[in-house]
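Undergrad: One file is attached below, input_29.cif, containing mmCIF, C-alpha atoms.
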data_structure
loop_
_atom_site.label_atom_id
_atom_site.label_comp_id
_atom_site.auth_asym_id
_atom_site.auth_seq_id
_atom_site.Cartn_x
_atom_site.Cartn_y
_atom_site.Cartn_z
CA MET A 1 7.80 111.66 -47.41
CA LEU A 2 11.56 111.90 -47.68
CA GLN A 3 13.13 110.39 -50.77
CA SER A 4 15.17 107.28 -50.20
CA ASN A 5 17.75 105.39 -52.28
CA SER A 6 19.28 108.43 -53.92
CA SER A 7 23.03 108.48 -54.37
CA HIS A 8 23.17 109.68 -50.75
CA GLY A 9 21.37 106.70 -49.32
CA SER A 10 18.16 107.24 -47.38
CA VAL A 11 17.25 109.54 -44.53
CA TRP A 12 17.35 108.33 -40.93
CA GLU A 13 16.06 110.17 -37.90
CA VAL A 14 18.26 110.16 -34.82
CA PHE A 15 17.17 109.99 -31.20
CA THR A 16 19.46 110.16 -28.18
CA GLN A 17 18.95 109.53 -24.52
CA LYS A 18 21.01 112.04 -22.55
CA LYS A 19 20.93 110.29 -19.22
CA SER A 20 20.01 106.78 -18.20
CA GLY A 21 16.28 106.41 -17.71
CA GLN A 22 15.28 109.59 -19.55
CA PRO A 23 13.07 109.54 -22.64
CA TYR A 24 14.75 109.40 -26.05
CA GLN A 25 14.68 112.75 -27.81
CA HIS A 26 14.87 113.62 -31.46
CA VAL A 27 18.15 115.37 -32.27
CA GLY A 28 18.22 115.43 -36.08
CA SER A 29 18.63 113.29 -39.16
CA LEU A 30 21.30 112.00 -41.50
CA HIS A 31 21.89 110.01 -44.68
CA ALA A 32 23.09 106.41 -44.66
CA PHE A 33 22.85 103.25 -46.73
CA ASP A 34 22.17 100.76 -43.93
CA LYS A 35 21.63 100.43 -40.17
CA GLU A 36 25.27 100.09 -39.26
CA MET A 37 26.24 103.12 -41.28
CA ALA A 38 23.33 105.05 -39.79
CA LEU A 39 24.52 104.26 -36.28
CA ASP A 40 28.11 105.18 -37.09
CA HIS A 41 27.08 108.46 -38.68
CA ALA A 42 24.70 109.24 -35.84
CA ARG A 43 27.53 108.76 -33.38
CA ASP A 44 29.88 110.96 -35.40
CA LEU A 45 27.33 113.65 -36.11
CA TYR A 46 25.28 113.96 -32.99
CA THR A 47 27.35 112.72 -30.07
CA ARG A 48 30.61 114.58 -30.50
CA ARG A 49 30.30 116.54 -27.24
CA ASP A 50 28.52 114.37 -24.69
CA LYS A 51 28.37 110.65 -24.47
CA PRO A 52 24.66 109.77 -24.45
CA SER A 53 23.40 106.74 -22.57
CA GLY A 54 21.44 105.55 -25.59
CA LEU A 55 21.10 106.10 -29.34
CA TRP A 56 18.33 105.14 -31.78
CA VAL A 57 18.20 105.50 -35.53
CA VAL A 58 14.91 105.09 -37.38
CA PRO A 59 14.32 105.16 -41.15
CA ALA A 60 12.60 108.49 -41.76
CA SER A 61 10.17 106.83 -44.15
CA GLU A 62 8.89 104.72 -41.25
CA ILE A 63 7.78 107.77 -39.25
CA ILE A 64 4.15 108.75 -39.58
CA ALA A 65 3.65 112.39 -38.73
CA VAL A 66 0.95 114.99 -38.29
CA SER A 67 1.99 118.12 -40.17
CA PRO A 68 1.63 121.59 -38.59
CA GLY A 69 -1.31 122.48 -40.83
CA ASP A 70 -3.32 119.41 -39.79
CA GLY A 71 -2.36 119.86 -36.15
CA ALA A 72 -5.04 122.25 -35.01
CA PRO A 73 -8.17 120.21 -35.84
CA PHE A 74 -6.35 116.94 -35.11
CA PHE A 75 -5.55 117.88 -31.53
CA ASP A 76 -8.72 119.86 -30.99
CA PRO A 77 -10.46 117.34 -28.75
CA SER A 78 -7.99 117.94 -25.88
CA ASP A 79 -8.43 121.69 -25.89
CA ASP A 80 -11.65 122.19 -23.99
CA LYS A 81 -11.21 119.78 -21.08
CA VAL A 82 -9.95 121.98 -18.30
CA TYR A 83 -11.14 119.43 -15.76
CA ARG A 84 -8.23 117.20 -16.73
CA HIS A 85 -5.94 119.58 -14.84
CA PRO A 86 -5.54 119.56 -11.06
CA THR A 87 -5.92 123.34 -10.85
CA PHE A 88 -9.57 122.97 -11.90
CA TYR A 89 -10.45 121.66 -8.44
CA GLU A 90 -10.78 123.91 -5.43
CA ILE A 91 -9.03 122.48 -2.44
CA PRO A 92 -9.65 124.46 0.75
CA GLU A 93 -6.78 125.94 2.70
CA GLY A 94 -5.53 123.59 5.36
CA VAL A 95 -5.81 120.44 3.28
CA THR A 96 -2.35 119.20 2.37
CA ASN A 97 -0.79 116.42 0.29
CA LEU A 98 -3.44 116.46 -2.41
CA MET B 1 30.99 81.76 -14.47
CA GLU B 2 30.19 84.04 -17.37
CA PHE B 3 26.67 84.41 -15.99
CA GLN B 4 27.92 85.29 -12.50
CA LYS B 5 30.15 87.97 -13.94
CA LYS B 6 27.30 89.43 -15.98
CA LEU B 7 24.99 89.32 -12.99
CA HIS B 8 27.57 91.12 -10.87
CA GLU B 9 27.97 93.86 -13.47
CA PHE B 10 24.21 94.11 -13.80
CA GLN B 11 23.87 94.66 -10.06
CA GLN B 12 26.62 97.27 -10.07
CA TYR B 13 24.86 99.10 -12.88
CA ILE B 14 21.61 99.10 -10.90
CA ASP B 15 23.35 100.13 -7.70
CA ALA B 16 24.74 103.13 -9.56
CA GLU B 17 21.08 104.17 -10.20
CA GLU B 18 21.38 103.50 -13.92
CA LYS B 19 18.22 102.39 -15.74
CA ILE B 20 17.89 99.15 -17.66
CA GLU B 21 16.60 99.49 -21.24
CA PRO B 22 14.82 96.71 -23.17
CA LYS B 23 17.81 95.85 -25.36
CA ASP B 24 20.25 95.62 -22.42
CA TRP B 25 21.30 92.28 -21.00
CA MET B 26 19.25 91.32 -17.96
CA PRO B 27 18.83 88.13 -15.91
CA ASP B 28 15.68 86.15 -16.77
CA ASP B 29 14.39 86.68 -13.24
CA TYR B 30 14.60 90.42 -13.65
CA ARG B 31 12.68 90.20 -16.92
CA LEU B 32 10.00 87.96 -15.40
CA HIS B 33 9.68 90.05 -12.24
CA ASN B 34 9.07 93.15 -14.37
CA ILE B 35 6.67 91.40 -16.73
CA ARG B 36 4.66 90.16 -13.77
CA GLN B 37 4.61 93.49 -11.95
CA ILE B 38 4.00 95.73 -14.98
CA SER B 39 1.30 93.51 -16.49
CA GLN B 40 -0.52 93.26 -13.16
CA HIS B 41 -0.27 97.01 -12.87
CA ALA B 42 -1.74 97.32 -16.38
CA HIS B 43 -4.56 94.89 -15.59
CA SER B 44 -5.37 96.91 -12.46
CA GLU B 45 -5.74 100.10 -14.48
CA VAL B 46 -8.09 98.41 -16.94
CA ILE B 47 -10.17 96.44 -14.43
CA GLY B 48 -10.26 99.61 -12.32
CA MET B 49 -12.42 101.22 -15.01
CA GLN B 50 -15.34 98.96 -14.06
CA PRO B 51 -16.27 100.11 -10.54
CA GLU B 52 -16.21 103.75 -11.68
CA GLY B 53 -17.88 102.99 -15.00
CA ASN B 54 -20.84 101.82 -12.95
CA TRP B 55 -21.65 105.49 -12.18
CA ILE B 56 -21.21 107.19 -15.56
CA THR B 57 -24.89 107.04 -16.44
CA ARG B 58 -25.92 108.10 -12.95
CA ALA B 59 -23.46 110.92 -12.24
CA PRO B 60 -25.45 113.67 -10.51
CA THR B 61 -24.49 116.52 -12.87
CA LEU B 62 -23.13 116.95 -16.38
CA ARG B 63 -19.97 118.40 -14.84
CA ALA B 64 -19.48 115.31 -12.67
CA LYS B 65 -20.16 113.06 -15.62
CA LYS B 66 -17.59 114.75 -17.84
CA ILE B 67 -14.97 114.54 -15.11
CA LEU B 68 -15.71 110.89 -14.44
CA LEU B 69 -15.50 110.06 -18.15
CA ALA B 70 -12.17 111.87 -18.43
CA LYS B 71 -10.81 110.02 -15.41
CA ILE B 72 -11.90 106.60 -16.64
CA GLN B 73 -10.45 107.37 -20.06
CA ASP B 74 -7.16 108.16 -18.30
CA GLU B 75 -7.20 104.79 -16.51
CA GLY B 76 -7.63 103.02 -19.85
CA GLY B 77 -4.76 105.07 -21.26
CA HIS B 78 -2.57 104.19 -18.28
CA GLY B 79 -3.28 100.51 -18.86
CA LEU B 80 -2.10 100.95 -22.45
CA TYR B 81 1.14 102.72 -21.45
CA LEU B 82 1.88 99.85 -19.08
CA TYR B 83 1.03 97.05 -21.53
CA SER B 84 3.39 98.72 -23.99
CA ALA B 85 6.16 98.93 -21.38
CA ALA B 86 5.71 95.22 -20.58
CA GLU B 87 5.75 94.34 -24.29
CA THR B 88 9.30 95.73 -24.60
CA LEU B 89 10.32 92.74 -22.44
CA GLY B 90 9.13 90.23 -25.01
CA ILE B 91 5.60 89.32 -23.89
CA SER B 92 2.70 89.99 -26.25
CA ARG B 93 -0.55 91.78 -25.46
CA ASP B 94 -2.47 88.60 -26.22
CA GLU B 95 -0.39 86.58 -23.77
CA MET B 96 -1.00 89.11 -21.03
CA ILE B 97 -4.75 89.11 -21.63
CA GLU B 98 -4.73 85.31 -21.66
CA GLN B 99 -2.90 85.22 -18.33
CA LEU B 100 -5.47 87.59 -16.87
CA HIS B 101 -8.38 85.50 -18.13
CA ALA B 102 -6.77 82.28 -16.90
CA GLY B 103 -6.35 83.80 -13.44
CA LYS B 104 -2.56 83.50 -13.70
CA ALA B 105 -2.04 87.26 -13.62
CA LYS B 106 -3.68 89.19 -10.82
CA TYR B 107 -4.90 92.74 -10.53
CA SER B 108 -5.34 94.94 -7.48
CA SER B 109 -7.77 93.39 -4.99
CA VAL B 110 -9.40 96.77 -4.36
CA PHE B 111 -11.34 96.67 -7.64
CA ASN B 112 -13.29 93.66 -6.44
CA TYR B 113 -15.44 95.82 -4.18
CA PRO B 114 -18.73 97.31 -5.40
CA THR B 115 -19.52 101.01 -5.84
CA LEU B 116 -22.83 101.36 -4.00
CA ASN B 117 -23.42 105.08 -3.83
CA TRP B 118 -22.13 108.27 -5.45
CA ALA B 119 -19.82 108.99 -2.51
CA ASP B 120 -17.96 105.80 -3.46
CA ILE B 121 -16.73 107.64 -6.56
CA GLY B 122 -15.37 110.32 -4.23
CA ALA B 123 -13.80 107.72 -1.94
CA ILE B 124 -12.18 105.91 -4.87
CA GLY B 125 -10.57 109.08 -6.18
CA TRP B 126 -9.46 110.19 -2.74
CA LEU B 127 -8.39 106.85 -1.23
CA VAL B 128 -7.82 104.33 -4.02
CA ASP B 129 -6.11 106.82 -6.33
CA GLY B 130 -4.38 108.31 -3.29
CA ALA B 131 -2.93 104.92 -2.40
CA ALA B 132 -2.09 104.16 -6.03
CA VAL B 133 -0.30 107.46 -6.49
CA THR B 134 1.72 106.91 -3.29
CA ASN B 135 2.98 103.69 -4.82
CA GLN B 136 3.44 105.18 -8.28
CA LEU B 137 5.39 108.22 -7.10
CA SER B 138 7.89 105.81 -5.62
CA LEU B 139 7.92 103.72 -8.81
CA ARG B 140 9.03 106.68 -10.91
CA ARG B 141 12.51 105.66 -9.74
CA THR B 142 12.12 101.99 -10.68
CA SER B 143 15.16 100.54 -12.46
CA PHE B 144 13.47 99.52 -15.73
CA GLY B 145 13.50 102.56 -18.05
CA PRO B 146 10.18 102.10 -19.90
CA TYR B 147 8.34 101.39 -16.61
CA SER B 148 9.89 104.41 -14.97
CA ARG B 149 8.90 106.70 -17.87
CA ALA B 150 5.36 105.32 -17.90
CA MET B 151 5.15 106.09 -14.17
CA LEU B 152 6.22 109.69 -14.74
CA ARG B 153 3.49 110.20 -17.31
CA ILE B 154 0.91 108.46 -15.19
CA CYS B 155 1.73 110.43 -12.04
CA ASN B 156 1.43 113.70 -13.94
CA GLU B 157 -1.94 112.75 -15.37
CA GLU B 158 -3.25 111.32 -12.12
CA SER B 159 -2.71 114.59 -10.31
CA PHE B 160 -6.34 115.53 -10.94
CA HIS B 161 -7.78 112.14 -10.02
CA GLN B 162 -7.29 112.41 -6.31
CA ARG B 163 -8.43 116.02 -6.21
CA GLN B 164 -11.69 115.32 -8.03
CA GLY B 165 -12.38 112.55 -5.51
CA TYR B 166 -11.70 114.77 -2.54
CA GLU B 167 -13.89 117.46 -4.07
CA ILE B 168 -16.79 115.00 -4.24
CA MET B 169 -16.22 114.08 -0.58
CA LEU B 170 -16.19 117.78 0.39
CA LYS B 171 -19.51 118.34 -1.38
CA MET B 172 -21.08 115.32 0.26
CA VAL B 173 -20.03 116.25 3.79
CA LYS B 174 -21.35 119.77 3.29
CA GLY B 175 -24.65 118.46 1.97
CA THR B 176 -27.70 117.03 3.74
CA PRO B 177 -27.28 114.73 6.76
CA ASP B 178 -28.05 111.82 4.43
CA GLN B 179 -25.28 112.85 2.06
CA HIS B 180 -22.90 113.22 5.00
CA GLU B 181 -23.80 109.72 6.05
CA MET B 182 -23.18 108.40 2.54
CA ALA B 183 -19.70 109.95 2.65
CA GLN B 184 -18.97 108.28 5.99
CA ASP B 185 -20.33 104.99 4.72
CA ALA B 186 -18.08 105.17 1.66
CA LEU B 187 -15.03 105.87 3.84
CA ASN B 188 -15.99 102.96 6.09
CA ARG B 189 -16.10 100.56 3.19
CA TRP B 190 -13.04 101.82 1.21
CA TRP B 191 -10.51 102.56 3.96
CA TRP B 192 -9.34 99.01 4.63
CA PRO B 193 -9.36 97.84 1.00
CA ALA B 194 -7.26 100.92 0.18
CA LEU B 195 -4.69 99.94 2.84
CA MET B 196 -4.65 96.40 1.44
CA MET B 197 -3.56 97.78 -1.94
CA PHE B 198 -0.01 98.01 -0.61
CA GLY B 199 0.11 94.24 -0.24
CA PRO B 200 1.22 91.97 2.59
CA HIS B 201 3.54 93.05 5.40
CA ASP B 202 7.20 93.22 4.39
CA ASN B 203 8.08 90.11 6.37
CA GLN B 204 5.31 88.19 4.57
CA SER B 205 6.12 89.38 1.09
CA SER B 206 8.29 86.87 -0.73
CA ARG B 207 8.97 89.13 -3.68
CA THR B 208 9.97 92.25 -1.80
CA THR B 209 13.62 91.25 -1.25
CA LYS B 210 14.55 90.69 -4.87
CA GLY B 211 12.40 93.56 -6.04
CA MET B 212 14.24 95.91 -3.70
CA LEU B 213 17.67 94.47 -4.55
CA TRP B 214 17.04 95.13 -8.23
CA LYS B 215 15.43 98.47 -7.43
CA ILE B 216 12.24 97.48 -9.25
CA LYS B 217 10.49 98.42 -6.00
CA ARG B 218 11.89 101.51 -4.33
CA ALA B 219 10.06 101.40 -1.02
CA SER B 220 8.59 98.50 0.92
CA ASN B 221 4.87 97.74 1.22
CA ASP B 222 4.72 98.80 4.87
CA GLU B 223 6.72 101.96 4.26
CA LEU B 224 4.37 103.07 1.46
CA ARG B 225 1.27 102.13 3.43
CA GLN B 226 2.44 104.23 6.38
CA ARG B 227 3.19 107.14 4.07
CA PHE B 228 -0.38 106.95 2.74
CA ILE B 229 -1.94 106.75 6.21
CA ASP B 230 0.10 109.69 7.46
CA LYS B 231 -1.01 111.99 4.67
CA THR B 232 -4.62 110.80 4.50
CA ALA B 233 -5.63 110.84 8.17
CA PRO B 234 -5.51 114.68 8.42
CA GLN B 235 -7.52 114.91 5.18
CA ALA B 236 -10.27 112.77 6.75
CA GLU B 237 -10.21 114.97 9.82
CA PHE B 238 -10.69 118.05 7.65
CA LEU B 239 -13.77 116.44 6.11
CA GLY B 240 -15.11 115.74 9.58
CA LEU B 241 -15.23 112.03 8.81
CA LYS B 242 -14.07 109.24 11.03
CA ILE B 243 -11.61 106.66 9.74
CA PRO B 244 -13.02 103.22 10.68
CA ASP B 245 -10.07 102.25 12.85
CA PRO B 246 -10.56 102.61 16.61
CA LYS B 247 -6.82 102.33 17.16
CA LEU B 248 -5.86 105.07 14.75
CA CYS B 249 -3.96 107.78 16.61
CA TRP B 250 -0.98 110.04 16.14
CA ASN B 251 2.18 108.73 17.74
CA GLU B 252 4.35 111.68 18.72
CA ALA B 253 7.39 109.49 19.37
CA SER B 254 7.43 107.72 16.00
CA GLY B 255 6.13 110.67 14.03
CA HIS B 256 3.56 108.40 12.42
CA TYR B 257 -0.01 107.26 12.94
CA ASP B 258 -0.52 103.99 14.81
CA THR B 259 -3.18 101.71 13.35
CA ALA B 260 -4.99 98.45 13.98
CA GLU B 261 -4.11 95.30 12.07
CA ILE B 262 -5.47 94.70 8.60
CA ASN B 263 -7.90 91.81 8.17
CA TRP B 264 -5.53 89.59 6.21
CA GLU B 265 -8.07 86.83 5.96
CA GLU B 266 -10.26 89.12 3.90
CA PHE B 267 -7.26 90.21 1.83
CA ASN B 268 -6.34 86.62 1.00
CA LYS B 269 -9.89 85.77 0.16
CA VAL B 270 -10.27 88.67 -2.28
CA ILE B 271 -6.84 88.22 -3.86
CA ASN B 272 -7.62 84.55 -4.42
CA GLY B 273 -10.79 85.26 -6.33
CA ASP B 274 -13.46 85.25 -3.66
CA GLY B 275 -14.19 88.94 -3.14
CA PRO B 276 -17.61 90.54 -3.62
CA CYS B 277 -17.10 91.29 -7.35
CA ASN B 278 -14.21 89.11 -8.60
CA ARG B 279 -16.39 86.97 -10.84
CA GLU B 280 -18.34 89.93 -12.18
CA ARG B 281 -15.18 91.90 -13.03
CA MET B 282 -13.54 89.00 -14.82
CA GLU B 283 -16.68 87.98 -16.66
CA HIS B 284 -17.23 91.52 -17.87
CA HIS B 285 -13.65 91.75 -19.12
CA LYS B 286 -13.93 88.43 -20.94
CA ASN B 287 -17.26 89.39 -22.52
CA VAL B 288 -16.06 92.75 -23.74
CA HIS B 289 -12.89 91.18 -25.09
CA ALA B 290 -14.90 88.55 -26.96
CA GLU B 291 -17.38 91.12 -28.25
CA GLY B 292 -14.47 93.12 -29.64
CA ALA B 293 -13.01 90.18 -31.56
CA TRP B 294 -14.70 91.15 -34.83
CA VAL B 295 -13.11 94.61 -34.66
CA ARG B 296 -9.63 93.11 -34.35
CA GLU B 297 -10.36 90.66 -37.15
CA ALA B 298 -11.75 93.36 -39.43
CA ALA B 299 -8.75 95.61 -38.77
CA ALA B 300 -6.33 92.79 -39.50
CA ALA B 301 -8.14 91.93 -42.75
CA TYR B 302 -8.11 95.59 -43.76
CA ALA B 303 -4.37 95.80 -43.10
CA THR B 304 -3.64 92.99 -45.55
CA ARG B 305 -5.39 94.88 -48.34
CA LYS B 306 -3.96 98.30 -47.77
CA GLU B 307 -0.45 99.53 -47.33
CA VAL B 308 -0.45 100.87 -43.77
#
So that I can check it, write out the structure of this file as C-alpha cells.
TA:
Amino acid sequence: MLQSNSSHGSVWEVFTQKKSGQPYQHVGSLHAFDKEMALDHARDLYTRRDKPSGLWVVPASEIIAVSPGDGAPFFDPSDDKVYRHPTFYEIPEGVTNL
Amino acid sequence: MEFQKKLHEFQQYIDAEEKIEPKDWMPDDYRLHNIRQISQHAHSEVIGMQPEGNWITRAPTLRAKKILLAKIQDEGGHGLYLYSAAETLGISRDEMIEQLHAGKAKYSSVFNYPTLNWADIGAIGWLVDGAAVTNQLSLRRTSFGPYSRAMLRICNEESFHQRQGYEIMLKMVKGTPDQHEMAQDALNRWWWPALMMFGPHDNQSSRTTKGMLWKIKRASNDELRQRFIDKTAPQAEFLGLKIPDPKLCWNEASGHYDTAEINWEEFNKVINGDGPCNRERMEHHKNVHAEGAWVREAAAAYATRKEV
C-alpha cells in the first residue's frame, strides 16, 4: 500500500472520462493533501491537452488490487469456458442476425 | 424560474447526445424514471434465472448443462450491474428488493411462463434473449451514463445467449419427429410472450413520450417489436418451424412483416400478477432472499470485527 501523510501529502489515483457516456479510465496518480487539492492537481497534471467530460480522484489507499503475481490463479476460473463466447456455436450459413 | 432554466439546459444537454452522470443535476422525474426502468430491468434479469434454472439438473448432456449454468450465471451478473447502476441514483438495494416483493416494481411478464420441455430452453435463448437484446442494443444509447455502460457490457456478454438457444432449436428440429414437435410446441408457446416483452403499443404507453424526450428510451415499443419480428421470422423459416401467427407475412411495400394483433388481455393479466407462474416466481424469490438473511447478517457482523 502506498504511504500516506508524508511531507508530500498522500497519493491519489486519477480517472478521466474522455467523452460523455464513456467509462472512466485510469490515467495516473498524484500527491495532494485533500480532495480539493487533488482535483486541482489532477486538472493541472492530466488534462492539459484535452478537456475531459469527467474527472475522478480516489485516495490510492482506498483501492484494493490484485497484483500481477496473484493474477493467474485468481482469474483462472474464466479461462476454460469457451462456451461463453459466441464463436463456440455453429450457426449454419443462411441464418442471419444471430 | 430557476428550475425552468435548469430544465431547459438539461434538455439541451440531452439533445446534444451528452450523457447524464450520477452527480449531474437532473429533474426528479428523470431520476425516478431511470430508477423505475433500471430496477425493473434488474429484477427481470434475476427473476429470469428461474425458468431456465428449472432445467439445470435435467439438461440432456454435460455440455448443455455447462452452457446453461454459464448463461444463468450471466443473467445474475447482469442483474447486479443494473442494480449498481440504479444505486448511483440514490436508491438502495434493499429498497429495490422491497419494492419487488411488495409488487410495486414489476419485472418482464415473459418470465411468468413455465418451461415445460427442453426445447423451451432453446426457445428462451432464441426468442426471449433475442427480444431482450433487440431492446438492449437500442438502450446502449440511453442518456444515463451508468445505464448505457451497463448495456454495453450486457450486450457483449449476451452475444452467446441467443446463439446457444438457436443451436438447441437446430438440434431439436433435426432430431426425431417427437423432438421436432417439441421444438414447434416451444415456439408456439413462447412467440407471443416474446412479442409482449416490448410492452404496449406506442399510443397506449403513457411513459413512452417522456422516456423518448429524455432519450432514456431510444426507440419506441412498436419499432423495436417490428425489428425483432423482421429478423426472427426468417430464422424460424430456416428451422422449418411455423410461427403461430396465421397473419404473419412479408409485406413488400412496407419492407416489414405484417402480423396479427397481440392478445392484450393476456398481457394485462400476466403483468398484473395473474400469469401461470407469477406467484411461484415471487414466492421463490422471497424464500431465497429470506434463507440468505443469515449470510448477510454474518457478513455484517464479521465486518465490524475486522478492518475491511
Undergrad: Might you pull out every residue within 10 Å of Arg31 in chain B, with all atoms listed in the file counted and same-chain residues fewer than 3 positions away left off, and present them as JSON, numbers by chain?
TA: {"B": [22, 25, 26, 27, 28, 34, 35, 36, 86, 89, 90, 91, 144]}
Undergrad: So what do you get for CA of Pro276 in chain B versus CA of Pro114 in chain B, distance-wise?
TA: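 Distance between the two atoms: 7.1 Å.
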Undergrad: Nearest to Leu248 in chain B among B:Glu261, B:Glu297, B:Asp29, B:Glu87, with distances taken over all atoms listed in the file: which residue is it?
TA: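 Smallest separation from Leu248 in chain B among the options: B:Glu261.
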Undergrad: Which is closest to Ser143 in chain B among B:Trp250, B:Tyr13, B:Tyr83, B:Tyr302, if we use all atoms listed in the file?
TA: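 Among the listed residues, the smallest separation from Ser143 in chain B belongs to B:Tyr13.
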Undergrad: Counting all atoms listed in the file, a student should be able to say which residues of chain B come within 7 Å of chain A; what is the right answer, written as number ranges by chain?
TA: B: 18-19, 67, 70, 145, 149, 159-160, 162-164, 167, 231, 235, 238
Undergrad: Which value, in Å to one decimal, gives the distance between CA of Phe15 in chain A and CA of Pro59 in chain A?
TA: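 These atoms are spaced 11.4 Å apart.
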Undergrad: Report the residues retrieved by the PyMOL selection byres ((chain A and resi 12) around 6) from the displayed file, expressed as a ChimeraX atom specification.
TA: /A:11,13,29-30,58-60
Undergrad: Counting all atoms listed in the file, I want the residues whose atoms come within 7 Å of (-0.5, 87.4, -16.2) in the file frame, returned as a CSV table (one decimal) with C-alpha atoms, in the coordinates of the input.
TA:
chain,number,residue,atom,x,y,z
B,36,ARG,CA,4.7,90.2,-13.8
B,39,SER,CA,1.3,93.5,-16.5
B,40,GLN,CA,-0.5,93.3,-13.2
B,96,MET,CA,-1.0,89.1,-21.0
B,99,GLN,CA,-2.9,85.2,-18.3
B,100,LEU,CA,-5.5,87.6,-16.9
B,104,LYS,CA,-2.6,83.5,-13.7
B,105,ALA,CA,-2.0,87.3,-13.6
B,106,LYS,CA,-3.7,89.2,-10.8
Undergrad: When the PyMOL selection byres ((chain B and resi 47-57) around 7) is applied to the structure above, which residues does it catch, written out as a PDB file with C-alpha atoms, in the frame of the given file?
TA:
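Output contents, as saved in result07.pdb:
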ATOM      1  CA  HIS B  43      -4.560  94.890 -15.590  1.00  0.00           C
ATOM      2  CA  SER B  44      -5.370  96.910 -12.460  1.00  0.00           C
ATOM      3  CA  GLU B  45      -5.740 100.100 -14.480  1.00  0.00           C
ATOM      4  CA  VAL B  46      -8.090  98.410 -16.940  1.00  0.00           C
ATOM      5  CA  ARG B  58     -25.920 108.100 -12.950  1.00  0.00           C
ATOM      6  CA  ALA B  59     -23.460 110.920 -12.240  1.00  0.00           C
ATOM      7  CA  LYS B  65     -20.160 113.060 -15.620  1.00  0.00           C
ATOM      8  CA  LEU B  68     -15.710 110.890 -14.440  1.00  0.00           C
ATOM      9  CA  LEU B  69     -15.500 110.060 -18.150  1.00  0.00           C
ATOM     10  CA  ILE B  72     -11.900 106.600 -16.640  1.00  0.00           C
ATOM     11  CA  GLU B  75      -7.200 104.790 -16.510  1.00  0.00           C
ATOM     12  CA  PHE B 111     -11.340  96.670  -7.640  1.00  0.00           C
ATOM     13  CA  PRO B 114     -18.730  97.310  -5.400  1.00  0.00           C
ATOM     14  CA  THR B 115     -19.520 101.010  -5.840  1.00  0.00           C
ATOM     15  CA  ILE B 121     -16.730 107.640  -6.560  1.00  0.00           C
ATOM     16  CA  ARG B 281     -15.180  91.900 -13.030  1.00  0.00           C
TER      17      ARG B 281
END
Undergrad: Step by step, gather every atom of range 89-93 of chain A that the file lists, find the box along x, y and z that holds them, add 8 Å on each side, and finally give centre and edge lengths in Å to one decimal, as AutoDock Vina command-line options.
TA:
--center_x -8.8 --center_y 123.8 --center_z -2.9 --size_x 20.0 --size_y 20.3 --size_z 27.1
Undergrad: One decimal, Å: what's the distance from CA of Asp74 in chain B over to CA of Ala194 in chain B, could you say?
TA: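 Answer for the CA of Asp74 in chain B to CA of Ala194 in chain B separation: 19.8 Å.
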Undergrad: Can you list, as a list in words, the residues that the PyMOL selection byres ((chain B and resi 271) around 9) selects here?
TA: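 Answer for the PyMOL selection byres ((chain B and resi 271) around 9): Lys106, Tyr107, Ser108, Ser109, Val110, Asn112, Glu266, Phe267, Asn268, Lys269, Val270, Asn272, Gly273, Asp274, Gly275 and Asn278 of chain B.
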Undergrad: Which residues, written as a list in words, have at least one atom at most 12 Å from range 173-183 of chain B, with only C-alpha atoms counted and residues fewer than 5 positions away on the same chain left out?
TA: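 Result of the neighbour search: Thr115, Leu116, Asn117, Trp118, Ala119, Asp120, Ile121, Gly122, Ala123, Ile124, Trp126, Gly165, Tyr166, Glu167, Ile168, Asn188, Arg189, Trp190, Trp191, Ala236, Glu237, Phe238, Leu239, Gly240, Leu241, Lys242 and Ile243 of chain B.
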Undergrad: From the options B:Met282, B:Ala300, B:Leu7, B:Ala85, which residue's atoms come nearest to His41 in chain B, counting all atoms listed in the file?
TA: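 Once distances to His41 in chain B are computed over all atoms listed in the file, the minimum belongs to B:Ala85.
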Undergrad: Taking (15.9, 111.0, -26.7) in the file's own coordinates, collect the residues within 9 Å, counting only C-alpha atoms, and hand them back as a compact mmCIF listing (two decimals) with C-alpha atoms, in the coordinates of the input.
TA:
# COMPACT_ATOMS: atom_id res chain seq x y z
CA VAL A 14 18.26 110.16 -34.82
CA PHE A 15 17.17 109.99 -31.20
CA THR A 16 19.46 110.16 -28.18
CA GLN A 17 18.95 109.53 -24.52
CA LYS A 18 21.01 112.04 -22.55
CA GLN A 22 15.28 109.59 -19.55
CA PRO A 23 13.07 109.54 -22.64
CA TYR A 24 14.75 109.40 -26.05
CA GLN A 25 14.68 112.75 -27.81
CA HIS A 26 14.87 113.62 -31.46
CA VAL A 27 18.15 115.37 -32.27
CA GLY A 54 21.44 105.55 -25.59
CA LEU A 55 21.10 106.10 -29.34
CA TRP A 56 18.33 105.14 -31.78
Undergrad: Which neighbours of Asp222 in chain B fall inside 7 Å, counting all atoms listed in the file, when residues of the same chain fewer than 4 positions from it are skipped, and could you give them as a PyMOL selection string?
TA: chain B and resi 201-202+226
Undergrad: Which one is closest to Glu157 in chain B: B:Met197, B:Gly77, B:Glu95, B:Trp264? Count all atoms listed in the file.
TA: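 Looking only at the distances to Glu157 in chain B, the closest residue turns out to be B:Gly77.
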Undergrad: Have a look at A:Asp76, A:Arg49, A:Val66, A:Asp34 and name the one nearest to Gly9 in chain A; count all atoms listed in the file.
TA: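 Distance minimum relative to Gly9 in chain A lands on A:Asp34.
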